[in-house]
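Data file: target-v9.pdb. Format and content: PDB, C-alpha atoms, pLDDT in the B column.
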ATOM      1  CA  MET R   1      55.179 -20.403  11.268  1.00 52.00           C
ATOM      2  CA  ASP R   2      57.151 -23.288  12.776  1.00 53.00           C
ATOM      3  CA  ARG R   3      54.001 -25.411  12.914  1.00 56.00           C
ATOM      4  CA  GLN R   4      53.383 -24.860   9.214  1.00 56.00           C
ATOM      5  CA  ILE R   5      56.927 -25.885   8.389  1.00 52.00           C
ATOM      6  CA  LYS R   6      56.662 -28.917  10.645  1.00 55.00           C
ATOM      7  CA  ALA R   7      53.310 -29.885   9.086  1.00 53.00           C
ATOM      8  CA  ALA R   8      54.780 -29.467   5.611  1.00 54.00           C
ATOM      9  CA  ASN R   9      57.716 -31.687   6.552  1.00 55.00           C
ATOM     10  CA  THR R  10      55.441 -34.423   7.917  1.00 58.00           C
ATOM     11  CA  GLY R  11      53.071 -34.245   4.971  1.00 55.00           C
ATOM     12  CA  VAL R  12      50.081 -33.400   7.197  1.00 53.00           C
ATOM     13  CA  ALA R  13      48.284 -30.195   6.275  1.00 51.00           C
ATOM     14  CA  LYS R  14      46.372 -28.394   9.012  1.00 53.00           C
ATOM     15  CA  ARG R  15      43.135 -26.671   8.162  1.00 51.00           C
ATOM     16  CA  PRO R  16      42.299 -23.267   9.550  1.00 51.00           C
ATOM     17  CA  TYR R  17      40.252 -23.194  12.735  1.00 46.00           C
ATOM     18  CA  ALA R  18      36.592 -23.319  11.748  1.00 55.00           C
ATOM     19  CA  SER R  19      34.435 -24.344  14.688  1.00 54.00           C
ATOM     20  CA  GLY R  20      31.434 -22.158  13.950  1.00 60.00           C
ATOM     21  CA  HIS R  21      31.833 -20.297  17.243  1.00 64.00           C
ATOM     22  CA  LEU R  22      32.243 -16.549  17.356  1.00 66.00           C
ATOM     23  CA  MET R  23      31.770 -15.820  21.048  1.00 73.00           C
ATOM     24  CA  CYS R  24      31.907 -19.117  22.937  1.00 69.00           C
ATOM     25  CA  ARG R  25      35.618 -19.696  22.450  1.00 69.00           C
ATOM     26  CA  ALA R  26      36.553 -16.139  23.436  1.00 71.00           C
ATOM     27  CA  THR R  27      35.402 -15.189  26.930  1.00 79.00           C
ATOM     28  CA  PRO R  28      35.966 -11.429  26.456  1.00 83.00           C
ATOM     29  CA  TRP R  29      33.344 -11.318  23.677  1.00 86.00           C
ATOM     30  CA  GLY R  30      30.677 -12.815  25.928  1.00 86.00           C
ATOM     31  CA  ILE R  31      31.535 -10.373  28.690  1.00 91.00           C
ATOM     32  CA  MET R  32      31.589  -7.389  26.313  1.00 92.00           C
ATOM     33  CA  GLY R  33      28.230  -8.484  24.875  1.00 91.00           C
ATOM     34  CA  PHE R  34      26.823  -8.655  28.405  1.00 94.00           C
ATOM     35  CA  LEU R  35      28.111  -5.170  29.270  1.00 95.00           C
ATOM     36  CA  ALA R  36      26.890  -3.610  26.004  1.00 95.00           C
ATOM     37  CA  CYS R  37      23.427  -5.187  26.183  1.00 95.00           C
ATOM     38  CA  GLY R  38      23.149  -4.313  29.881  1.00 95.00           C
ATOM     39  CA  TYR R  39      23.998  -0.700  29.048  1.00 96.00           C
ATOM     40  CA  PHE R  40      21.308  -0.568  26.344  1.00 95.00           C
ATOM     41  CA  ALA R  41      18.758  -2.138  28.716  1.00 96.00           C
ATOM     42  CA  TRP R  42      19.596   0.572  31.241  1.00 96.00           C
ATOM     43  CA  ILE R  43      19.171   3.247  28.525  1.00 94.00           C
ATOM     44  CA  SER R  44      15.761   1.823  27.538  1.00 92.00           C
ATOM     45  CA  PHE R  45      14.495   1.796  31.100  1.00 93.00           C
ATOM     46  CA  SER R  46      15.937   5.233  31.841  1.00 94.00           C
ATOM     47  CA  HIS R  47      13.791   6.603  28.987  1.00 91.00           C
ATOM     48  CA  ILE R  48      10.750   5.191  30.782  1.00 90.00           C
ATOM     49  CA  LEU R  49      11.781   6.660  34.141  1.00 93.00           C
ATOM     50  CA  ARG R  50      12.140  10.111  32.536  1.00 92.00           C
ATOM     51  CA  SER R  51       8.868   9.704  30.585  1.00 89.00           C
ATOM     52  CA  ASP R  52      10.823  10.217  27.354  1.00 85.00           C
ATOM     53  CA  TYR R  53       8.806   8.439  24.696  1.00 83.00           C
ATOM     54  CA  ASP R  54      10.191  10.151  21.633  1.00 84.00           C
ATOM     55  CA  TRP R  55      11.413   7.866  18.837  1.00 87.00           C
ATOM     56  CA  PRO R  56      13.482   9.028  15.841  1.00 89.00           C
ATOM     57  CA  HIS R  57      11.768   8.814  12.438  1.00 89.00           C
ATOM     58  CA  ASP R  58      14.518   9.874  10.036  1.00 93.00           C
ATOM     59  CA  GLY R  59      16.008   8.011   7.088  1.00 93.00           C
ATOM     60  CA  TRP R  60      19.473   7.664   8.618  1.00 96.00           C
ATOM     61  CA  THR R  61      18.086   5.888  11.660  1.00 94.00           C
ATOM     62  CA  ALA R  62      16.085   3.510   9.452  1.00 95.00           C
ATOM     63  CA  ALA R  63      19.174   2.825   7.321  1.00 96.00           C
ATOM     64  CA  THR R  64      21.253   2.165  10.433  1.00 96.00           C
ATOM     65  CA  TYR R  65      18.663  -0.302  11.711  1.00 96.00           C
ATOM     66  CA  MET R  66      18.712  -2.096   8.337  1.00 97.00           C
ATOM     67  CA  VAL R  67      22.517  -2.396   8.369  1.00 97.00           C
ATOM     68  CA  TRP R  68      22.427  -3.870  11.874  1.00 96.00           C
ATOM     69  CA  ILE R  69      19.621  -6.278  10.963  1.00 97.00           C
ATOM     70  CA  VAL R  70      21.501  -7.575   7.916  1.00 96.00           C
ATOM     71  CA  LEU R  71      24.721  -7.912   9.932  1.00 95.00           C
ATOM     72  CA  LEU R  72      23.038  -9.734  12.823  1.00 94.00           C
ATOM     73  CA  VAL R  73      21.106 -12.095  10.538  1.00 94.00           C
ATOM     74  CA  GLY R  74      24.392 -12.910   8.805  1.00 91.00           C
ATOM     75  CA  LEU R  75      26.067 -13.588  12.148  1.00 88.00           C
ATOM     76  CA  MET R  76      23.120 -15.694  13.275  1.00 88.00           C
ATOM     77  CA  PHE R  77      23.396 -17.955  10.221  1.00 86.00           C
ATOM     78  CA  ASP R  78      27.205 -17.973  10.201  1.00 85.00           C
ATOM     79  CA  THR R  79      27.580 -19.555  13.618  1.00 83.00           C
ATOM     80  CA  HIS R  80      26.751 -23.141  14.561  1.00 80.00           C
ATOM     81  CA  CYS R  81      26.473 -22.557  18.309  1.00 83.00           C
ATOM     82  CA  LEU R  82      22.922 -22.578  19.644  1.00 88.00           C
ATOM     83  CA  ARG R  83      23.639 -19.999  22.379  1.00 88.00           C
ATOM     84  CA  GLU R  84      25.179 -17.607  19.862  1.00 88.00           C
ATOM     85  CA  ARG R  85      22.248 -18.087  17.481  1.00 91.00           C
ATOM     86  CA  ILE R  86      19.828 -17.274  20.287  1.00 93.00           C
ATOM     87  CA  PHE R  87      21.885 -14.186  21.232  1.00 93.00           C
ATOM     88  CA  PHE R  88      21.957 -12.847  17.671  1.00 93.00           C
ATOM     89  CA  GLY R  89      18.284 -13.791  17.175  1.00 94.00           C
ATOM     90  CA  VAL R  90      17.205 -11.760  20.214  1.00 96.00           C
ATOM     91  CA  LEU R  91      19.180  -8.808  18.865  1.00 96.00           C
ATOM     92  CA  VAL R  92      17.542  -9.205  15.426  1.00 97.00           C
ATOM     93  CA  VAL R  93      14.077  -9.090  17.022  1.00 97.00           C
ATOM     94  CA  ASN R  94      15.090  -6.010  19.006  1.00 96.00           C
ATOM     95  CA  PHE R  95      16.374  -4.188  15.924  1.00 97.00           C
ATOM     96  CA  VAL R  96      13.316  -5.163  13.858  1.00 97.00           C
ATOM     97  CA  VAL R  97      11.096  -3.579  16.531  1.00 95.00           C
ATOM     98  CA  GLY R  98      13.245  -0.429  16.439  1.00 94.00           C
ATOM     99  CA  PHE R  99      13.138  -0.352  12.641  1.00 96.00           C
ATOM    100  CA  GLY R 100       9.362  -0.729  12.645  1.00 94.00           C
ATOM    101  CA  LEU R 101       8.924   2.128  15.110  1.00 93.00           C
ATOM    102  CA  THR R 102      11.247   4.286  13.032  1.00 94.00           C
ATOM    103  CA  LEU R 103       9.060   3.761   9.964  1.00 94.00           C
ATOM    104  CA  TRP R 104       5.810   4.270  11.913  1.00 93.00           C
ATOM    105  CA  ARG R 105       5.703   8.064  12.036  1.00 91.00           C
ATOM    106  CA  THR R 106       2.308   8.342  13.764  1.00 91.00           C
ATOM    107  CA  VAL R 107       3.062   5.894  16.554  1.00 88.00           C
ATOM    108  CA  PRO R 108       1.074   6.719  19.727  1.00 90.00           C
ATOM    109  CA  LEU R 109       3.120   7.505  22.834  1.00 89.00           C
ATOM    110  CA  ALA R 110       1.543   4.549  24.656  1.00 89.00           C
ATOM    111  CA  GLN R 111       2.961   2.228  21.991  1.00 90.00           C
ATOM    112  CA  VAL R 112       6.420   3.777  22.326  1.00 90.00           C
ATOM    113  CA  HIS R 113       6.163   3.310  26.107  1.00 91.00           C
ATOM    114  CA  ASN R 114       5.335  -0.371  25.598  1.00 92.00           C
ATOM    115  CA  ALA R 115       8.090  -0.710  23.001  1.00 91.00           C
ATOM    116  CA  ARG R 116      10.647   0.807  25.387  1.00 92.00           C
ATOM    117  CA  ILE R 117       9.666  -1.761  28.028  1.00 93.00           C
ATOM    118  CA  GLY R 118       9.812  -4.583  25.472  1.00 94.00           C
ATOM    119  CA  THR R 119      13.137  -3.561  23.978  1.00 94.00           C
ATOM    120  CA  GLY R 120      14.587  -3.049  27.454  1.00 94.00           C
ATOM    121  CA  ALA R 121      13.530  -6.582  28.347  1.00 96.00           C
ATOM    122  CA  LEU R 122      15.026  -7.884  25.089  1.00 96.00           C
ATOM    123  CA  TRP R 123      18.319  -6.094  25.830  1.00 95.00           C
ATOM    124  CA  GLY R 124      18.316  -7.665  29.296  1.00 96.00           C
ATOM    125  CA  LEU R 125      17.617 -11.101  27.841  1.00 96.00           C
ATOM    126  CA  ALA R 126      20.398 -10.644  25.282  1.00 95.00           C
ATOM    127  CA  ALA R 127      22.775  -9.686  28.110  1.00 95.00           C
ATOM    128  CA  LEU R 128      21.975 -12.900  29.981  1.00 94.00           C
ATOM    129  CA  VAL R 129      22.295 -15.031  26.840  1.00 92.00           C
ATOM    130  CA  SER R 130      25.617 -13.335  26.118  1.00 91.00           C
ATOM    131  CA  LEU R 131      26.860 -14.470  29.524  1.00 90.00           C
ATOM    132  CA  SER R 132      25.876 -18.020  28.629  1.00 87.00           C
ATOM    133  CA  THR R 133      28.408 -17.954  25.777  1.00 83.00           C
ATOM    134  CA  VAL R 134      31.312 -17.554  28.183  1.00 83.00           C
ATOM    135  CA  GLY R 135      33.253 -20.823  28.122  1.00 72.00           C
ATOM    136  CA  ARG R 136      33.282 -23.741  25.708  1.00 58.00           C
ATOM    137  CA  GLY R 137      30.605 -23.763  23.029  1.00 48.00           C
ATOM    138  CA  LYS R 138      28.362 -26.605  21.931  1.00 49.00           C
ATOM    139  CA  THR R 139      27.695 -26.836  18.221  1.00 48.00           C
ATOM    140  CA  VAL R 140      24.120 -27.327  17.039  1.00 49.00           C
ATOM    141  CA  GLY R 141      23.551 -31.021  16.467  1.00 51.00           C
ATOM    142  CA  GLN R 142      26.697 -32.112  18.305  1.00 49.00           C
ATOM    143  CA  VAL R 143      27.195 -33.399  21.811  1.00 44.00           C
ATOM    144  CA  ARG R 144      29.915 -31.948  23.977  1.00 48.00           C
ATOM    145  CA  ARG R 145      32.578 -34.496  24.812  1.00 46.00           C
ATOM    146  CA  LEU R 146      33.961 -34.578  28.321  1.00 40.00           C
TER     147      LEU R 146
END
Written as structure tokens, how would this file's structure read?
Amino acid sequence: MDRQIKAANTGVAKRPYASGHLMCRATPWGIMGFLACGYFAWISFSHILRSDYDWPHDGWTAATYMVWIVLLVGLMFDTHCLRERIFFGVLVVNFVVGFGLTLWRTVPLAQVHNARIGTGALWGLAALVSLSTVGRGKTVGQVRRL
């Protein structure tokens, strides 16, 4: 509040912070993304270890996938940080695969097995990319100044 009053008194208006970074400027978000994606990678691979190749095919699951896809695509285009765009892009691909398997009611178990391996690898990749967002971000098209 004091800064606003001081800026008003000096005639200089400050704009709100708009760097285009969602995760890079806040270390806890990168760490939480790593933990969440690591957990989902572990879940995917634990399904394989237990030979559990069942995939849900109900409308609520498909609707949930669609909500997540729309949200993640929005986040991917809202940010200007390349690492964050890659992170959200990997998650979009992962959720599109899940959505496709939800709609494919006659999917063979071998395909679900392969999909579990693929989505587990995508979750692992997303976890690593999430760790790369910890620290200062670099905006697409801009060079970081030292």
Can you list, as a PDB file with C-alpha atoms, keeping the file's coordinate frame, the residues that the PyMOL selection byres ((chain R and resi 65) around 9) selects here?
ATOM      1  CA  TRP R  60      19.473   7.664   8.618  1.00 96.00           C
ATOM      2  CA  THR R  61      18.086   5.888  11.660  1.00 94.00           C
ATOM      3  CA  ALA R  62      16.085   3.510   9.452  1.00 95.00           C
ATOM      4  CA  ALA R  63      19.174   2.825   7.321  1.00 96.00           C
ATOM      5  CA  THR R  64      21.253   2.165  10.433  1.00 96.00           C
ATOM      6  CA  MET R  66      18.712  -2.096   8.337  1.00 97.00           C
ATOM      7  CA  VAL R  67      22.517  -2.396   8.369  1.00 97.00           C
ATOM      8  CA  TRP R  68      22.427  -3.870  11.874  1.00 96.00           C
ATOM      9  CA  ILE R  69      19.621  -6.278  10.963  1.00 97.00           C
ATOM     10  CA  VAL R  70      21.501  -7.575   7.916  1.00 96.00           C
ATOM     11  CA  PHE R  95      16.374  -4.188  15.924  1.00 97.00           C
ATOM     12  CA  VAL R  96      13.316  -5.163  13.858  1.00 97.00           C
ATOM     13  CA  GLY R  98      13.245  -0.429  16.439  1.00 94.00           C
ATOM     14  CA  PHE R  99      13.138  -0.352  12.641  1.00 96.00           C
ATOM     15  CA  THR R 102      11.247   4.286  13.032  1.00 94.00           C
TER      16      THR R 102
END
- Identify all residues satisfying the PyMOL selection byres ((chain R and resi 33) around 10) in the given file; provide them as number ranges by chain. R: 23, 28-32, 34-39, 87, 126-131, 133
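One distance worth recording is that between CA of His47 in chain R and CA of Trp123 in chain R, which is 13.8 Å.
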- If we count all atoms listed in the file, what is near Leu101 in chain R at a cut-off of 10 Å, once residues fewer than 2 positions away on the same chain are taken out, given as a count of residues only? 17
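Between CA of Gly135 in chain R and CA of Ile43 in chain R the separation is 27.9 Å.
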- Note on the structure: Taken to one decimal, the CA of Ala26 in chain R-CA of Asp78 in chain R distance is 16.3 Å
- Can you tell me, as a ChimeraX atom specification, what residues are no more than 6 Å from Gly120 in chain R when counting only C-alpha atoms, ignoring any on the same chain fewer than 4 positions away? /R:41,44,116
